[in-house]
Amino acid sequence: MQADALFQHTEGDNSERFCRHPPPPHPQMLPASLWDPPPVRSGPPSPSWEKPGFCCQSLSQHAVGTDPPAERTGQRQRLSTEEATRWADSFDVLLSHKYGLAAFRAFLKTEFSEENLEFWLACEDFKKTRSAAKLASKAQRIFEEFIDVQAPREVNIDFQTRELTRRNMQEPSLSCFDQAQGKVHSLMEKDSYPRFLRSKIYTDLLSQTQRRLS
């Protein structure tokens, strides 16, 4: 099987439900990390952290690391070996690179733990909220989806952090998820990230970028 994979948007409805991901990709599938623009739809927008809701499928038309805007102009930009190698420098370097983030997301899907990354991304998006009117509703959606007991995508945090976050919900602020987000970041950094660097997804991706140079 060719170790390429394509991330593309899944269509959702106009409600405030969170998108649900399909079954995880085969561990040998390699993310192409192609970030398509969200589909045009009517009605109220979905929460912005839903927009990178991707599914995996075999790559047949696109190159690994092709940047959609560049592709439209006829210029194909591929992930370089140097870029992929830098992901091993630190977890934050990996998260700051769009192809690294997509590859890490694909890896977490194989371990059924993508909710940790989805929560971290939701918090990053939440901290950019500028509308006081939207702050409380966005905070409540995040809490009900990731923090509350038996939440649909409950993250693994300790009781004290969960209860502190619950109290923060009484008067939501841009920092109300900071402690929970920090705990989840630390968990991914110490647990999932080292396994990602040893995974077939990452080693195959490095090999593929190196073969293009030969």
# chains A, B, ... in the order shown; residues from 1 in each chain; ligands from 1
call {"tool": "residues_around", "arguments": {"residues": "Val93 in chain A", "least_positions_apart": "6", "cutoff": "12 Å", "atoms": "only C-alpha atoms", "output": "list in words"}}
result
Glu83, Ala84, Thr85, Arg86, Trp87, Tyr99, Gly100, Leu101, Phe104, Glu189 and Tyr193 of chain A
call {"tool": "atom_distance", "arguments": {"atom1": "CA of Leu197 in chain A", "atom2": "CA of Ala88 in chain A"}}
result
6.8 Å
call {"tool": "residues_around", "arguments": {"residues": "Glu82 in chain A", "least_positions_apart": "5", "cutoff": "10 Å", "atoms": "only C-alpha atoms", "output": "list of chain:residue names"}}
result
A:Trp87, A:Leu206, A:Thr209, A:Gln210
call {"tool": "write_last_selection", "arguments": {"atoms": "C-alpha atoms", "output": "PDB file, in the first residue's frame"}}
result
ATOM      1  CA  TRP A  87       9.635  18.129  14.358  1.00  0.00           C
ATOM      2  CA  LEU A 206      10.975  11.041   6.625  1.00  0.00           C
ATOM      3  CA  THR A 209      11.050  13.112   1.764  1.00  0.00           C
ATOM      4  CA  GLN A 210      14.581  11.673   1.612  1.00  0.00           C
TER       5      GLN A 210
END
call {"tool": "atom_distance", "arguments": {"atom1": "CA of Arg105 in chain A", "atom2": "CA of Asp148 in chain A"}}
result
22.7 Å
call {"tool": "closest_residue", "arguments": {"among": "A:Gly182, A:Pro172, A:Pro152, A:Pro194", "to": "Glu124 in chain A", "atoms": "only C-alpha atoms"}}
result
A:Gly182
call {"tool": "closest_residue", "arguments": {"among": "A:Ser131, A:Phe91, A:Ile142, A:Ser207", "to": "Arg166 in chain A", "atoms": "only C-alpha atoms"}}
result
A:Ile142
